[in-house]
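So this block is coords.tsv, TSV, C-alpha atoms:
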chain	number	residue	atom	x	y	z
A	11	MET	CA	-8.57	-8.74	-21.97
A	12	VAL	CA	-9.20	-5.03	-22.46
A	13	SER	CA	-7.01	-2.75	-24.53
A	14	ARG	CA	-4.79	-0.12	-22.93
A	15	ARG	CA	-7.11	2.59	-24.21
A	16	GLU	CA	-10.19	0.86	-22.72
A	17	LEU	CA	-8.40	0.54	-19.40
A	18	ILE	CA	-7.49	4.24	-19.36
A	19	VAL	CA	-11.13	5.11	-20.07
A	20	ALA	CA	-12.29	2.77	-17.27
A	21	VAL	CA	-9.83	4.27	-14.79
A	22	GLY	CA	-10.86	7.76	-15.85
A	23	ARG	CA	-14.49	6.90	-15.04
A	24	ALA	CA	-13.78	5.08	-11.77
A	25	PRO	CA	-14.57	6.70	-8.39
A	26	ARG	CA	-12.16	9.22	-6.97
A	27	THR	CA	-11.80	10.49	-3.45
A	28	GLN	CA	-9.89	12.88	-1.26
A	29	VAL	CA	-7.81	11.13	1.39
A	30	GLU	CA	-7.20	12.81	4.73
A	31	GLY	CA	-5.89	11.55	8.02
A	32	THR	CA	-3.06	9.58	9.52
A	33	PHE	CA	-1.41	6.64	7.82
A	34	GLU	CA	1.70	4.68	8.74
A	35	ARG	CA	4.71	3.18	7.02
A	36	HIS	CA	7.56	0.95	8.12
A	37	ALA	CA	11.00	1.82	6.83
A	38	SER	CA	14.63	0.93	7.32
A	39	ARG	CA	16.25	2.37	10.42
A	40	ASP	CA	18.59	4.16	8.01
A	41	TRP	CA	15.59	5.89	6.42
A	42	ARG	CA	16.45	9.43	5.37
A	43	GLY	CA	13.21	11.01	4.18
A	44	LEU	CA	9.53	10.60	3.55
A	45	THR	CA	9.67	9.69	-0.09
A	46	GLY	CA	8.61	6.90	-2.38
A	47	SER	CA	10.60	4.57	-4.53
A	48	SER	CA	10.55	3.37	-8.10
A	49	ALA	CA	11.81	-0.08	-7.03
A	50	GLY	CA	8.37	-1.55	-7.64
A	51	GLY	CA	5.41	-2.72	-5.60
A	52	ARG	CA	1.74	-3.55	-6.09
A	53	TRP	CA	0.92	-0.07	-7.47
A	54	GLY	CA	4.14	0.74	-9.32
A	55	PRO	CA	6.05	-1.43	-11.78
A	56	PRO	CA	9.82	-1.48	-11.18
A	57	GLY	CA	11.48	1.56	-12.71
A	58	ALA	CA	8.22	3.12	-13.95
A	59	PHE	CA	7.54	5.91	-11.42
A	60	SER	CA	7.96	6.67	-7.74
A	61	VAL	CA	5.27	5.47	-5.31
A	62	LEU	CA	5.04	6.22	-1.60
A	63	TYR	CA	3.20	3.38	0.16
A	64	LEU	CA	1.26	4.07	3.35
A	65	GLY	CA	-1.20	1.92	5.27
A	66	ARG	CA	-3.69	1.85	8.10
A	67	PRO	CA	-4.41	0.56	10.67
A	68	ARG	CA	-1.11	-0.40	12.25
A	69	ALA	CA	-1.90	-4.14	12.16
A	70	SER	CA	-1.98	-3.91	8.36
A	71	VAL	CA	1.43	-2.20	8.31
A	72	VAL	CA	2.89	-4.85	10.63
A	73	VAL	CA	1.57	-7.70	8.47
A	74	GLU	CA	3.04	-6.02	5.37
A	75	ALA	CA	6.42	-5.99	7.12
A	76	TYR	CA	6.09	-9.73	7.75
A	77	ARG	CA	4.94	-10.40	4.16
A	78	HIS	CA	8.01	-8.68	2.71
A	79	LEU	CA	10.73	-9.24	5.32
A	80	VAL	CA	9.91	-12.57	7.01
A	81	ASP	CA	7.51	-14.78	5.04
A	82	PRO	CA	9.74	-15.22	1.94
A	83	PHE	CA	12.62	-16.66	4.00
A	84	ASP	CA	12.58	-20.11	5.60
A	85	GLY	CA	13.34	-19.94	9.31
A	86	MET	CA	13.09	-16.14	9.47
A	87	THR	CA	11.25	-14.58	12.42
A	88	GLY	CA	10.22	-11.05	13.31
A	89	ASP	CA	12.91	-11.03	16.02
A	90	MET	CA	15.58	-11.51	13.34
A	91	VAL	CA	14.61	-8.43	11.30
A	92	GLN	CA	16.95	-5.47	11.68
A	93	PRO	CA	15.45	-2.50	13.55
A	94	ARG	CA	12.80	-0.60	11.59
A	95	ARG	CA	11.18	2.80	11.90
A	96	LEU	CA	7.42	3.19	12.06
A	97	LEU	CA	6.49	6.53	10.52
A	98	LEU	CA	3.21	8.30	11.32
A	99	VAL	CA	2.23	10.43	8.34
A	100	GLU	CA	-0.53	13.03	7.88
A	101	VAL	CA	-2.04	13.21	4.42
A	102	GLY	CA	-4.47	15.48	2.64
A	103	VAL	CA	-4.47	14.35	-0.99
A	104	SER	CA	-7.12	14.95	-3.65
A	105	ASP	CA	-7.85	13.19	-6.93
A	106	VAL	CA	-7.19	9.65	-5.69
A	107	LEU	CA	-8.51	6.54	-7.47
A	108	ASP	CA	-10.76	4.84	-4.90
A	109	LEU	CA	-10.77	1.05	-5.25
A	110	ARG	CA	-12.10	0.17	-1.79
A	111	ASP	CA	-15.51	-0.86	-3.12
A	112	PRO	CA	-15.37	-4.23	-4.95
A	113	ALA	CA	-17.54	-2.75	-7.73
A	114	ALA	CA	-15.01	0.05	-8.27
A	115	ALA	CA	-12.15	-2.44	-8.46
A	116	ALA	CA	-14.14	-4.60	-10.88
A	117	SER	CA	-14.85	-1.55	-13.05
A	118	VAL	CA	-11.11	-1.29	-13.79
A	119	GLY	CA	-10.70	-5.04	-14.24
A	120	LEU	CA	-9.40	-6.00	-10.79
A	121	SER	CA	-10.69	-8.95	-8.80
A	122	GLU	CA	-10.31	-9.50	-5.08
A	123	ALA	CA	-7.62	-12.05	-5.91
A	124	ASP	CA	-5.69	-9.36	-7.84
A	125	LEU	CA	-5.85	-7.01	-4.84
A	126	ARG	CA	-4.68	-9.74	-2.46
A	127	SER	CA	-2.16	-11.56	-4.64
A	128	PRO	CA	1.13	-12.77	-3.17
A	129	VAL	CA	4.11	-10.43	-3.00
A	130	GLY	CA	5.46	-9.87	-6.51
A	131	GLU	CA	2.39	-11.06	-8.43
A	132	TYR	CA	1.19	-7.59	-9.37
A	133	GLU	CA	0.69	-7.38	-13.15
A	134	PRO	CA	-3.08	-6.55	-13.12
A	135	CYS	CA	-2.52	-3.87	-10.47
A	136	TRP	CA	0.44	-2.48	-12.43
A	137	GLN	CA	-1.77	-2.00	-15.48
A	138	VAL	CA	-4.28	0.01	-13.44
A	139	ALA	CA	-1.50	1.99	-11.76
A	140	ARG	CA	0.07	2.87	-15.12
A	141	ALA	CA	-3.29	4.16	-16.35
A	142	ALA	CA	-3.94	6.14	-13.15
A	143	HIS	CA	-0.45	7.63	-13.29
A	144	GLN	CA	-0.82	8.50	-16.98
A	145	LEU	CA	-4.10	10.28	-16.18
A	146	GLY	CA	-2.29	12.40	-13.60
A	147	LEU	CA	-4.14	11.01	-10.60
A	148	HIS	CA	-2.45	11.60	-7.26
A	149	GLY	CA	-2.62	8.04	-6.02
A	150	ILE	CA	-4.65	4.90	-5.40
A	151	LEU	CA	-6.55	3.95	-2.25
A	152	ALA	CA	-7.27	0.22	-2.11
A	153	PRO	CA	-7.95	-2.57	0.36
A	154	ALA	CA	-4.71	-3.80	1.87
A	155	ALA	CA	-3.52	-7.17	0.63
A	156	THR	CA	-3.45	-8.13	4.32
A	157	ARG	CA	-7.26	-7.90	4.56
A	158	LEU	CA	-6.68	-5.69	7.60
A	159	GLY	CA	-7.16	-2.17	6.29
A	160	GLU	CA	-6.19	0.14	3.47
A	161	THR	CA	-3.14	0.81	1.35
A	162	PHE	CA	-2.57	4.31	0.05
A	163	ALA	CA	-0.16	4.44	-2.90
A	164	ILE	CA	0.81	8.08	-3.55
A	165	PHE	CA	2.21	9.31	-6.86
A	166	GLU	CA	4.34	12.08	-5.34
A	167	GLU	CA	5.36	13.69	-8.61
A	168	HIS	CA	1.71	14.61	-9.24
A	169	LEU	CA	1.19	16.36	-5.90
A	170	ALA	CA	1.12	20.09	-5.34
A	171	PRO	CA	3.48	21.13	-2.51
A	172	LYS	CA	0.53	21.64	-0.12
A	173	GLU	CA	-0.49	17.98	-0.63
A	174	LEU	CA	2.86	16.40	0.16
A	175	PRO	CA	2.56	13.94	3.06
A	176	ARG	CA	3.93	15.22	6.36
A	177	LEU	CA	5.82	13.15	8.92
A	178	VAL	CA	4.27	13.80	12.34
A	179	ASP	CA	5.93	11.17	14.51
A	180	GLU	CA	8.04	8.05	14.41
A	181	GLU	CA	9.09	5.21	16.63
A	182	VAL	CA	11.75	2.52	16.37
A	183	TRP	CA	10.94	-1.17	16.29
A	184	GLU	CA	14.00	-3.01	17.61
A	185	SER	CA	12.37	-6.09	16.10
A	186	LEU	CA	9.01	-6.54	14.41
A	187	PRO	CA	5.96	-6.48	16.70
A	188	ALA	CA	4.02	-9.72	17.06
A	189	ASP	CA	2.45	-10.88	13.80
A	190	PRO	CA	-1.27	-9.91	13.95
A	191	ARG	CA	-2.13	-12.88	11.72
A	192	ARG	CA	-0.93	-15.26	14.41
A	193	LEU	CA	-2.60	-13.31	17.19
A	194	ARG	CA	-5.88	-13.45	15.29
A	195	ALA	CA	-5.49	-17.21	14.68
A	196	VAL	CA	-4.98	-17.83	18.41
A	197	LYS	CA	-7.88	-15.57	19.33
A	198	ASP	CA	-10.15	-17.21	16.73
A	199	GLY	CA	-9.17	-20.61	18.14
A	200	ASP	CA	-10.16	-19.68	21.70
A	201	THR	CA	-13.31	-21.40	22.92
A	202	ALA	CA	-14.00	-19.20	25.94
Show me the file's structure as structure tokens.
Amino acid sequence: MVSRRELIVAVGRAPRTQVEGTFERHASRDWRGLTGSSAGGRWGPPGAFSVLYLGRPRASVVVEAYRHLVDPFDGMTGDMVQPRRLLLVEVGVSDVLDLRDPAAAASVGLSEADLRSPVGEYEPCWQVARAAHQLGLHGILAPAATRLGETFAIFEEHLAPKELPRLVDEEVWESLPADPRRLRAVKDGDTA
């Protein structure tokens, strides 16, 4: 176990990147703005600071919807989820902690298991996020827990106005799209 100070030093030395391009996010149909939340998630302990979560590709975003809205509830299906909005967001954010390389994640004390832990089991990631936030970094780019892409956790309060994410399009999901994990399992099981 490393000390808080050692972790801050490790995060300060870890790779950084600039993130540009289109990401997506699912949100409640009642969504009212492109903003994060301090409710808690993998890269933000509850009540600590606001984090805006984005992902790519779309399959990763869909699986995240299932992981949070369907999987925890016995008998729940994607058809039973209230309508959601899929937001397409353009980003151009500098000074982002880049944890996509396993060596970079290991350098701040995170294993693959930490990055892919079940919903709610986030303590190791929270420690890294607290250090990154304390250092004034603008966010964290990491492999998605879904194993299907990337998660971009943005610390909005650290962004200059020109770096704020921009909503470019949206669509409504009347129910969740098909679960890509199941589609992949069927495809993998084909013997064509």
Hey, which bits of range 16-89 of chain A sit within 9 Å of range 175-180 of chain A, and for each residue what's the closest pair of atoms and how far apart in Å (one decimal), counting all atoms listed in the file, rows by chain and increasing number, as a tab-separated table?
residue	atom	partner	partner_atom	distance
A:Thr32	CA	A:Val178	CA	8.9
A:Leu44	CA	A:Leu177	CA	7.0
A:Thr45	CA	A:Pro175	CA	8.9
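Around Ile164 in chain A, within 10 Å and counting all atoms listed in the file, the residues found are Thr45, Gly46, Trp53, Gly54, Ser60, Val61, Leu62, Tyr63, Leu64, Val101, Val103, Val106, His143, Leu147, His148, Gly149, Ile150, Leu151, Thr161, Phe162, Glu166, Glu167, His168, Leu169, Leu174 and Pro175 of chain A, once anything fewer than 2 positions away on its own chain is removed.
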Residue contacts of Leu186 in chain A (9 Å, only C-alpha atoms) excluding same-chain residues fewer than 6 positions away, as a list in words: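 The neighbour list is Val72, Ala75, Tyr76, Thr87, Gly88, Asp89, Met90, Val91, Gln92, Pro93 and Arg94 of chain A.
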Shortest interatomic distance to Leu96 in chain A - which of A:Arg52, A:Arg68, A:His36, A:Arg126, counting all atoms listed in the file: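 Nearest candidate to Leu96 in chain A out of A:Arg52, A:Arg68, A:His36, A:Arg126: A:His36.
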Selection as a VMD selection string: residues within 10 Å of (-14.1, 4.2, -10.8), counting only C-alpha atoms: chain A and resid 19 to 27 107 to 109 111 113 to 118
Taking C-alpha atoms for each residue, export the selection above as a compact mmCIF listing (two decimals), keeping the file's coordinate frame.
# COMPACT_ATOMS: atom_id res chain seq x y z
CA VAL A 19 -11.13 5.11 -20.07
CA ALA A 20 -12.29 2.77 -17.27
CA VAL A 21 -9.83 4.27 -14.79
CA GLY A 22 -10.86 7.76 -15.85
CA ARG A 23 -14.49 6.90 -15.04
CA ALA A 24 -13.78 5.08 -11.77
CA PRO A 25 -14.57 6.70 -8.39
CA ARG A 26 -12.16 9.22 -6.97
CA THR A 27 -11.80 10.49 -3.45
CA LEU A 107 -8.51 6.54 -7.47
CA ASP A 108 -10.76 4.84 -4.90
CA LEU A 109 -10.77 1.05 -5.25
CA ASP A 111 -15.51 -0.86 -3.12
CA ALA A 113 -17.54 -2.75 -7.73
CA ALA A 114 -15.01 0.05 -8.27
CA ALA A 115 -12.15 -2.44 -8.46
CA ALA A 116 -14.14 -4.60 -10.88
CA SER A 117 -14.85 -1.55 -13.05
CA VAL A 118 -11.11 -1.29 -13.79
Atomic distance CA of Arg39 in chain A - CA of Arg95 in chain A, expressed in Å with one decimal: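 So the answer is 5.3 Å.
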Minimum-distance residue to Val73 in chain A, chosen among A:Ala163, A:Ala170, A:Ala139, A:Ala154 (using all atoms listed in the file): A:Ala154
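For the residues A:Ala58, A:Ala141, A:Val99, A:Val129, ranking by smallest atom-to-atom distance to Pro82 in chain A using all atoms listed in the file places A:Val129 first.
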Using the file's own x, y and z axes, so that the box edges lie along x, y and z, what centre and edge lengths in Å (one decimal) does a box around every listed atom of range 102-121 of chain A get when 6 Å is added on each side? Give it as JSON.
{"center_x": -11.0, "center_y": 3.3, "center_z": -5.8, "size_x": 25.1, "size_y": 36.4, "size_z": 28.9}
Minimum-distance residue to Gly119 in chain A, chosen among A:Gln137, A:Ala152, A:Arg35, A:Glu131 (using all atoms listed in the file): A:Gln137
Best match for closeness to Pro171 in chain A among A:Gly102, A:Leu158, A:Pro112, A:Phe33, counting all atoms listed in the file: A:Gly102
Between CA of Leu79 in chain A and CA of Gly31 in chain A, distance in Å (one decimal): 26.8 Å
